[in-house]
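Heads up: the structure comes next, in structure tokens.
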Amino acid sequence: MQPGRIPIVILGAGPAGLGAAYRLSRHEAFDVTVVERGAGVGGNAGSFPLAGMQVDYGSHRLHPSCAPEILTDIRGMLGDGLLDRPRHGRIRLRGRWVHFPLKPADLALHLPPAFLAGVAVDTVRKLAPRGRADTFAAVLQQGLGPTICRDFYFPYARKIWGVDPELLEAEQARRRVSAGSLLKMARKVLNAVPGFKKKGGGRFYYPKDGFGAISEAYRQAAEARGASFLFRTTVAGVEAAGGTVRAVHVSAPDGVRRLDARQTLSTIPVSQLARLMDPAAPDAVQASACALKFRAMILIYLLLETAQFTEYDAHYFPDADVLITRLSEPKNYSLAPNPGRTVLCAELPCSVDDPVWRASDQELRDLVTQALERAGLPVRCRVLEVSSRKLSQAYPIYTQDYRANFERIDQWLDGIEGIVTFGRQGLFAHDNTHHALAMAYALDGCLGSDGSLDRKAWTGCRREFEKHVVED
Ligand SMILES: Cc1cc2nc3c(=O)[nH]c(=O)nc-3n(C[C@H](O)[C@H](O)[C@H](O)COP(=O)(O)OP(=O)(O)OC[C@H]3O[C@@H](n4cnc5c(N)ncnc54)[C@H](O)[C@@H]3O)c2cc1C
């Protein structure tokens, strides 16, 4: 650390931590250190090499609703490396393929007639008065009617979060389903029609070297401004004295270290942070930390001996009998040249307690090929290689008691000076990458030149973050 500078320690090098490192390292007065347990940057939004291509942890795209200031920074860092691509996916609905994003002509041609009739009846019935909706199921039933819920959202929700839609909080629907009413869905469908198209509608940004290139660019820019990165380094404790955080204890391959910190900015899971605090959190806070649950995910990659598996970027599978939720073909996102070879990435949400979490790659390969067979997408070429990656914290699960548990931890942390929790894991939010970056930029605006947090301004920002709605 350089003498006389204010030590700022950032926990986690996902987009939220990197965005903060990039913004804060502009300030001469700050000495910024990022602590990351992984070998590189990006967190869940990172990439890694596989058979000559960069692949992501499941389908990742930069949504055009990204704040202009952030998009300008990303463009500035990646230049021509940021591709502007049309979305071209498919949903398997009652045994038929429907284009995603939804398109009027495609819907008319491919939607199962019984489904169309059901939606028409639901649209008329929606004119009837409605009661209060306090579960995920009730919000979507009211907004979209029973047909879309029964055939798409409910089975998909059960697979993704592992919980019955009646047991999920209403907030999960508001934050997680951007087309939560028939009107919003109709607008999305119209978005595919020239003349009605919103700016950016039906398109996405994607770095040609994989989604993780965004995180890598932020790291390089922050490092160029003097930020330091400690990789393969795990936060082992956060030391407070007199109600103020003074230091972070970290465990690295070369031993344990204590990092002085005037301000600690944490993007690690808030439940983990609560458990790492020293002195220890009260029992009720510890209990809430145990009660907050994340859904895990296994990503299974198949290297195929074929130039292209399908022309689509992603396939979505709501049906319960197809175990995976989504299949992406990274080559179709990045236009990566890799003659004669392509990679598929299958997403399998699960719990870390499920037996499948410990399945071998061979077993996972069989699971994926069987799922694809069932979905009408048999793998007919040779599978040259299979590998898998595991995310233990893929999605927060908003059970009915999540809010009380999150607020108990949040309020307790709020009473301690010198620590701020933010990012997707830090605020237990479903947010996209551009939301995590927006939090980091906002936090930069709330830190004084001495590193102190303007709490009133940050409270205002937190209220804004609650309006984030995930874009798929
Ligand atoms: C399957 C899937 C698909 C997605 N698709 C999209 C998409 O298309 N578009 C989009 O914008 N977003 C997408 N997202 C969301 C995106 O991944 C997140 O918004 C983003 O990763 C959030 O960044 P973060 O920094 O808040 O958290 P994370 O990326 O989770 O970063 C947290 C970091 O903290 C580190 N950490 C945790 N504990 C410790 C510890 N004790 N010590 C040190 N380090 C620690 C982790 O290793 C990690 O690097 C998707 C997410 C998933 C799971």
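A note on labels: chains of the structure tokens are A, B, ... as shown, every chain counts residues from 1, and ligands are counted from 1 in their shown order.
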
*Tell me which protein, DNA and RNA residues are within 6 Å of range 57-73 of chain A, counting only C-alpha atoms, leaving out same-chain ones fewer than 5 positions away, and put them as a PyMOL selection string.*
chain A and resi 200+204-206+328+434

Hey, which bits of chain A sit within 8 Å of ligand 1, and for each residue what's the closest pair of atoms and how far apart in Å (one decimal), counting only C-alpha atoms and all ligand atoms, rows by chain and increasing number, as JSON lines?
{"residue": "A:Leu11", "atom": "CA", "partner": "ligand 1", "partner_atom_place_in_ligand_line": "44 (N)", "distance": 5.8}
{"residue": "A:Gly12", "atom": "CA", "partner": "ligand 1", "partner_atom_place_in_ligand_line": "34 (O)", "distance": 3.4}
{"residue": "A:Ala13", "atom": "CA", "partner": "ligand 1", "partner_atom_place_in_ligand_line": "49 (O)", "distance": 4.7}
{"residue": "A:Gly14", "atom": "CA", "partner": "ligand 1", "partner_atom_place_in_ligand_line": "25 (O)", "distance": 3.4}
{"residue": "A:Pro15", "atom": "CA", "partner": "ligand 1", "partner_atom_place_in_ligand_line": "25 (O)", "distance": 4.0}
{"residue": "A:Ala16", "atom": "CA", "partner": "ligand 1", "partner_atom_place_in_ligand_line": "25 (O)", "distance": 3.7}
{"residue": "A:Gly17", "atom": "CA", "partner": "ligand 1", "partner_atom_place_in_ligand_line": "25 (O)", "distance": 5.4}
{"residue": "A:Leu18", "atom": "CA", "partner": "ligand 1", "partner_atom_place_in_ligand_line": "25 (O)", "distance": 7.3}
{"residue": "A:Val35", "atom": "CA", "partner": "ligand 1", "partner_atom_place_in_ligand_line": "43 (C)", "distance": 5.5}
{"residue": "A:Glu36", "atom": "CA", "partner": "ligand 1", "partner_atom_place_in_ligand_line": "44 (N)", "distance": 3.9}
{"residue": "A:Arg37", "atom": "CA", "partner": "ligand 1", "partner_atom_place_in_ligand_line": "43 (C)", "distance": 3.9}
{"residue": "A:Gly38", "atom": "CA", "partner": "ligand 1", "partner_atom_place_in_ligand_line": "47 (O)", "distance": 5.1}
{"residue": "A:Gly40", "atom": "CA", "partner": "ligand 1", "partner_atom_place_in_ligand_line": "49 (O)", "distance": 7.9}
{"residue": "A:Val41", "atom": "CA", "partner": "ligand 1", "partner_atom_place_in_ligand_line": "49 (O)", "distance": 6.2}
{"residue": "A:Gly42", "atom": "CA", "partner": "ligand 1", "partner_atom_place_in_ligand_line": "49 (O)", "distance": 5.7}
{"residue": "A:Gly43", "atom": "CA", "partner": "ligand 1", "partner_atom_place_in_ligand_line": "49 (O)", "distance": 3.2}
{"residue": "A:Asn44", "atom": "CA", "partner": "ligand 1", "partner_atom_place_in_ligand_line": "29 (O)", "distance": 4.0}
{"residue": "A:Ala45", "atom": "CA", "partner": "ligand 1", "partner_atom_place_in_ligand_line": "17 (O)", "distance": 4.1}
{"residue": "A:Gly46", "atom": "CA", "partner": "ligand 1", "partner_atom_place_in_ligand_line": "29 (O)", "distance": 7.4}
{"residue": "A:Tyr57", "atom": "CA", "partner": "ligand 1", "partner_atom_place_in_ligand_line": "1 (C)", "distance": 6.1}
{"residue": "A:Gly58", "atom": "CA", "partner": "ligand 1", "partner_atom_place_in_ligand_line": "1 (C)", "distance": 4.5}
{"residue": "A:Ser59", "atom": "CA", "partner": "ligand 1", "partner_atom_place_in_ligand_line": "3 (C)", "distance": 5.2}
{"residue": "A:His60", "atom": "CA", "partner": "ligand 1", "partner_atom_place_in_ligand_line": "8 (O)", "distance": 3.2}
{"residue": "A:Arg61", "atom": "CA", "partner": "ligand 1", "partner_atom_place_in_ligand_line": "8 (O)", "distance": 3.9}
{"residue": "A:Leu62", "atom": "CA", "partner": "ligand 1", "partner_atom_place_in_ligand_line": "11 (O)", "distance": 5.1}
{"residue": "A:His63", "atom": "CA", "partner": "ligand 1", "partner_atom_place_in_ligand_line": "11 (O)", "distance": 6.2}
{"residue": "A:Arg232", "atom": "CA", "partner": "ligand 1", "partner_atom_place_in_ligand_line": "43 (C)", "distance": 7.8}
{"residue": "A:Thr233", "atom": "CA", "partner": "ligand 1", "partner_atom_place_in_ligand_line": "43 (C)", "distance": 6.0}
{"residue": "A:Thr234", "atom": "CA", "partner": "ligand 1", "partner_atom_place_in_ligand_line": "42 (N)", "distance": 3.6}
{"residue": "A:Val235", "atom": "CA", "partner": "ligand 1", "partner_atom_place_in_ligand_line": "42 (N)", "distance": 3.9}
{"residue": "A:Ala236", "atom": "CA", "partner": "ligand 1", "partner_atom_place_in_ligand_line": "41 (N)", "distance": 6.5}
{"residue": "A:Val250", "atom": "CA", "partner": "ligand 1", "partner_atom_place_in_ligand_line": "42 (N)", "distance": 7.7}
{"residue": "A:Thr267", "atom": "CA", "partner": "ligand 1", "partner_atom_place_in_ligand_line": "32 (C)", "distance": 5.6}
{"residue": "A:Ile268", "atom": "CA", "partner": "ligand 1", "partner_atom_place_in_ligand_line": "37 (C)", "distance": 4.3}
{"residue": "A:Pro269", "atom": "CA", "partner": "ligand 1", "partner_atom_place_in_ligand_line": "37 (C)", "distance": 6.3}
{"residue": "A:Gln272", "atom": "CA", "partner": "ligand 1", "partner_atom_place_in_ligand_line": "41 (N)", "distance": 7.2}
{"residue": "A:Leu273", "atom": "CA", "partner": "ligand 1", "partner_atom_place_in_ligand_line": "41 (N)", "distance": 7.8}
{"residue": "A:Met297", "atom": "CA", "partner": "ligand 1", "partner_atom_place_in_ligand_line": "1 (C)", "distance": 7.2}
{"residue": "A:Glu347", "atom": "CA", "partner": "ligand 1", "partner_atom_place_in_ligand_line": "1 (C)", "distance": 6.8}
{"residue": "A:Leu391", "atom": "CA", "partner": "ligand 1", "partner_atom_place_in_ligand_line": "53 (C)", "distance": 7.3}
{"residue": "A:Gln393", "atom": "CA", "partner": "ligand 1", "partner_atom_place_in_ligand_line": "30 (O)", "distance": 7.1}
{"residue": "A:Ala394", "atom": "CA", "partner": "ligand 1", "partner_atom_place_in_ligand_line": "53 (C)", "distance": 4.1}
{"residue": "A:Tyr395", "atom": "CA", "partner": "ligand 1", "partner_atom_place_in_ligand_line": "53 (C)", "distance": 6.1}
{"residue": "A:Phe422", "atom": "CA", "partner": "ligand 1", "partner_atom_place_in_ligand_line": "26 (O)", "distance": 7.1}
{"residue": "A:Gly423", "atom": "CA", "partner": "ligand 1", "partner_atom_place_in_ligand_line": "26 (O)", "distance": 3.5}
{"residue": "A:Arg424", "atom": "CA", "partner": "ligand 1", "partner_atom_place_in_ligand_line": "26 (O)", "distance": 3.7}
{"residue": "A:Gln425", "atom": "CA", "partner": "ligand 1", "partner_atom_place_in_ligand_line": "26 (O)", "distance": 5.5}
{"residue": "A:Gly426", "atom": "CA", "partner": "ligand 1", "partner_atom_place_in_ligand_line": "26 (O)", "distance": 6.8}
{"residue": "A:His430", "atom": "CA", "partner": "ligand 1", "partner_atom_place_in_ligand_line": "19 (O)", "distance": 7.2}
{"residue": "A:Asp431", "atom": "CA", "partner": "ligand 1", "partner_atom_place_in_ligand_line": "19 (O)", "distance": 5.0}
{"residue": "A:Asn432", "atom": "CA", "partner": "ligand 1", "partner_atom_place_in_ligand_line": "11 (O)", "distance": 3.6}
{"residue": "A:Thr433", "atom": "CA", "partner": "ligand 1", "partner_atom_place_in_ligand_line": "19 (O)", "distance": 3.6}
{"residue": "A:His434", "atom": "CA", "partner": "ligand 1", "partner_atom_place_in_ligand_line": "11 (O)", "distance": 5.5}
{"residue": "A:His435", "atom": "CA", "partner": "ligand 1", "partner_atom_place_in_ligand_line": "19 (O)", "distance": 6.8}
{"residue": "A:Ala436", "atom": "CA", "partner": "ligand 1", "partner_atom_place_in_ligand_line": "26 (O)", "distance": 5.0}
{"residue": "A:Leu437", "atom": "CA", "partner": "ligand 1", "partner_atom_place_in_ligand_line": "23 (O)", "distance": 7.7}
{"residue": "A:Glu471", "atom": "CA", "partner": "ligand 1", "partner_atom_place_in_ligand_line": "9 (N)", "distance": 7.2}
{"residue": "A:Asp472", "atom": "CA", "partner": "ligand 1", "partner_atom_place_in_ligand_line": "8 (O)", "distance": 6.1}

Please report the interatomic distance between CA of Gln220 in chain A and CA of Gly445 in chain A in Å with one decimal.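 Here the two named atoms are 21.5 Å from each other.
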
| task | Would you list the contacts of range 134-141 of chain A as number ranges by chain, taking every protein, DNA or RNA residue within 10 Å and counting only C-alpha atoms, but skipping same-chain residues closer than 2 positions in sequence? | result | A: 122, 126, 131-132, 143-150, 153-154, 157, 164-174, 176-177, 179-182, 398-400

- Work out how far CA of Gly212 in chain A is from CA of Thr421 in chain A, in Å to one decimal.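 Interatomic distance, CA of Thr421 in chain A to CA of Gly212 in chain A: 22.7 Å.
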
- Message: Would you pick out the contacts of Gly226 in chain A at 9 Å or less, using only C-alpha atoms, so that residues sharing its chain but fewer than 5 positions from it are not included, and give the list as a PyMOL selection string?
- Response: chain A and resi 25-26+31-32+221

Counting only C-alpha atoms, which residues in range 298-326 of chain A sit no more than 12 Å from range 85-96 of chain A? For each one, give the nearest pair of atoms and the distance in Å, sorted by chain then residue number, as JSON lines.
{"residue": "A:Thr310", "atom": "CA", "partner": "A:Gly89", "partner_atom": "CA", "distance": 10.1}
{"residue": "A:Glu311", "atom": "CA", "partner": "A:His88", "partner_atom": "CA", "distance": 8.1}
{"residue": "A:Tyr312", "atom": "CA", "partner": "A:Gly89", "partner_atom": "CA", "distance": 5.2}
{"residue": "A:Asp313", "atom": "CA", "partner": "A:Gly89", "partner_atom": "CA", "distance": 5.5}
{"residue": "A:Ala314", "atom": "CA", "partner": "A:Gly89", "partner_atom": "CA", "distance": 4.8}
{"residue": "A:His315", "atom": "CA", "partner": "A:Arg90", "partner_atom": "CA", "distance": 4.9}
{"residue": "A:Tyr316", "atom": "CA", "partner": "A:Ile91", "partner_atom": "CA", "distance": 4.7}
{"residue": "A:Phe317", "atom": "CA", "partner": "A:Arg92", "partner_atom": "CA", "distance": 5.5}
{"residue": "A:Pro318", "atom": "CA", "partner": "A:Arg92", "partner_atom": "CA", "distance": 7.0}
{"residue": "A:Asp319", "atom": "CA", "partner": "A:Leu93", "partner_atom": "CA", "distance": 7.6}
{"residue": "A:Ala320", "atom": "CA", "partner": "A:Arg94", "partner_atom": "CA", "distance": 11.1}
{"residue": "A:Asp321", "atom": "CA", "partner": "A:Arg94", "partner_atom": "CA", "distance": 11.3}
{"residue": "A:Val322", "atom": "CA", "partner": "A:Arg92", "partner_atom": "CA", "distance": 10.0}
{"residue": "A:Ile324", "atom": "CA", "partner": "A:Arg92", "partner_atom": "CA", "distance": 11.9}
{"residue": "A:Thr325", "atom": "CA", "partner": "A:Ile91", "partner_atom": "CA", "distance": 10.2}
{"residue": "A:Arg326", "atom": "CA", "partner": "A:Ile91", "partner_atom": "CA", "distance": 9.2}

Take the residues that were just selected and, keeping N, CA and C atoms, output them as a PDB file, in the first residue's frame.
ATOM      1  N   THR A 310     -27.088 -25.868 -34.336  1.00  0.00           N
ATOM      2  CA  THR A 310     -28.269 -25.234 -34.940  1.00  0.00           C
ATOM      3  C   THR A 310     -27.892 -23.789 -35.236  1.00  0.00           C
ATOM      4  N   GLU A 311     -28.773 -23.088 -35.945  1.00  0.00           N
ATOM      5  CA  GLU A 311     -28.503 -21.673 -36.238  1.00  0.00           C
ATOM      6  C   GLU A 311     -28.858 -20.776 -35.053  1.00  0.00           C
ATOM      7  N   TYR A 312     -29.486 -21.339 -33.995  1.00  0.00           N
ATOM      8  CA  TYR A 312     -30.020 -20.521 -32.899  1.00  0.00           C
ATOM      9  C   TYR A 312     -28.966 -20.247 -31.830  1.00  0.00           C
ATOM     10  N   ASP A 313     -29.087 -19.056 -31.192  1.00  0.00           N
ATOM     11  CA  ASP A 313     -28.139 -18.792 -30.109  1.00  0.00           C
ATOM     12  C   ASP A 313     -28.519 -19.569 -28.850  1.00  0.00           C
ATOM     13  N   ALA A 314     -29.846 -19.597 -28.547  1.00  0.00           N
ATOM     14  CA  ALA A 314     -30.254 -20.308 -27.324  1.00  0.00           C
ATOM     15  C   ALA A 314     -31.597 -20.989 -27.516  1.00  0.00           C
ATOM     16  N   HIS A 315     -31.771 -22.107 -26.826  1.00  0.00           N
ATOM     17  CA  HIS A 315     -33.046 -22.827 -26.775  1.00  0.00           C
ATOM     18  C   HIS A 315     -33.504 -22.846 -25.321  1.00  0.00           C
ATOM     19  N   TYR A 316     -34.797 -22.615 -25.106  1.00  0.00           N
ATOM     20  CA  TYR A 316     -35.362 -22.587 -23.752  1.00  0.00           C
ATOM     21  C   TYR A 316     -36.328 -23.754 -23.599  1.00  0.00           C
ATOM     22  N   PHE A 317     -36.235 -24.447 -22.456  1.00  0.00           N
ATOM     23  CA  PHE A 317     -37.057 -25.654 -22.246  1.00  0.00           C
ATOM     24  C   PHE A 317     -37.863 -25.530 -20.962  1.00  0.00           C
ATOM     25  N   PRO A 318     -39.105 -25.045 -21.039  1.00  0.00           N
ATOM     26  CA  PRO A 318     -39.912 -24.978 -19.807  1.00  0.00           C
ATOM     27  C   PRO A 318     -40.399 -26.339 -19.315  1.00  0.00           C
ATOM     28  N   ASP A 319     -40.553 -27.320 -20.235  1.00  0.00           N
ATOM     29  CA  ASP A 319     -41.186 -28.584 -19.841  1.00  0.00           C
ATOM     30  C   ASP A 319     -40.421 -29.323 -18.744  1.00  0.00           C
ATOM     31  N   ALA A 320     -41.202 -29.893 -17.806  1.00  0.00           N
ATOM     32  CA  ALA A 320     -40.591 -30.593 -16.666  1.00  0.00           C
ATOM     33  C   ALA A 320     -39.826 -31.844 -17.110  1.00  0.00           C
ATOM     34  N   ASP A 321     -40.248 -32.464 -18.221  1.00  0.00           N
ATOM     35  CA  ASP A 321     -39.585 -33.729 -18.591  1.00  0.00           C
ATOM     36  C   ASP A 321     -38.252 -33.523 -19.314  1.00  0.00           C
ATOM     37  N   VAL A 322     -37.909 -32.261 -19.618  1.00  0.00           N
ATOM     38  CA  VAL A 322     -36.571 -31.974 -20.174  1.00  0.00           C
ATOM     39  C   VAL A 322     -35.784 -31.323 -19.026  1.00  0.00           C
ATOM     40  N   ILE A 324     -32.855 -29.930 -18.471  1.00  0.00           N
ATOM     41  CA  ILE A 324     -32.111 -28.667 -18.562  1.00  0.00           C
ATOM     42  C   ILE A 324     -33.090 -27.515 -18.859  1.00  0.00           C
ATOM     43  N   THR A 325     -32.690 -26.297 -18.496  1.00  0.00           N
ATOM     44  CA  THR A 325     -33.584 -25.146 -18.740  1.00  0.00           C
ATOM     45  C   THR A 325     -33.221 -24.420 -20.029  1.00  0.00           C
ATOM     46  N   ARG A 326     -31.939 -24.434 -20.362  1.00  0.00           N
ATOM     47  CA  ARG A 326     -31.515 -23.665 -21.545  1.00  0.00           C
ATOM     48  C   ARG A 326     -30.295 -24.337 -22.167  1.00  0.00           C
TER      49      ARG A 326
END

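Distance annotation: of A:Leu364, A:Ala39, A:Ile419, A:Ile74, the residue with the minimal separation from Arg262 in chain A is A:Ile419; atom set is only C-alpha atoms.
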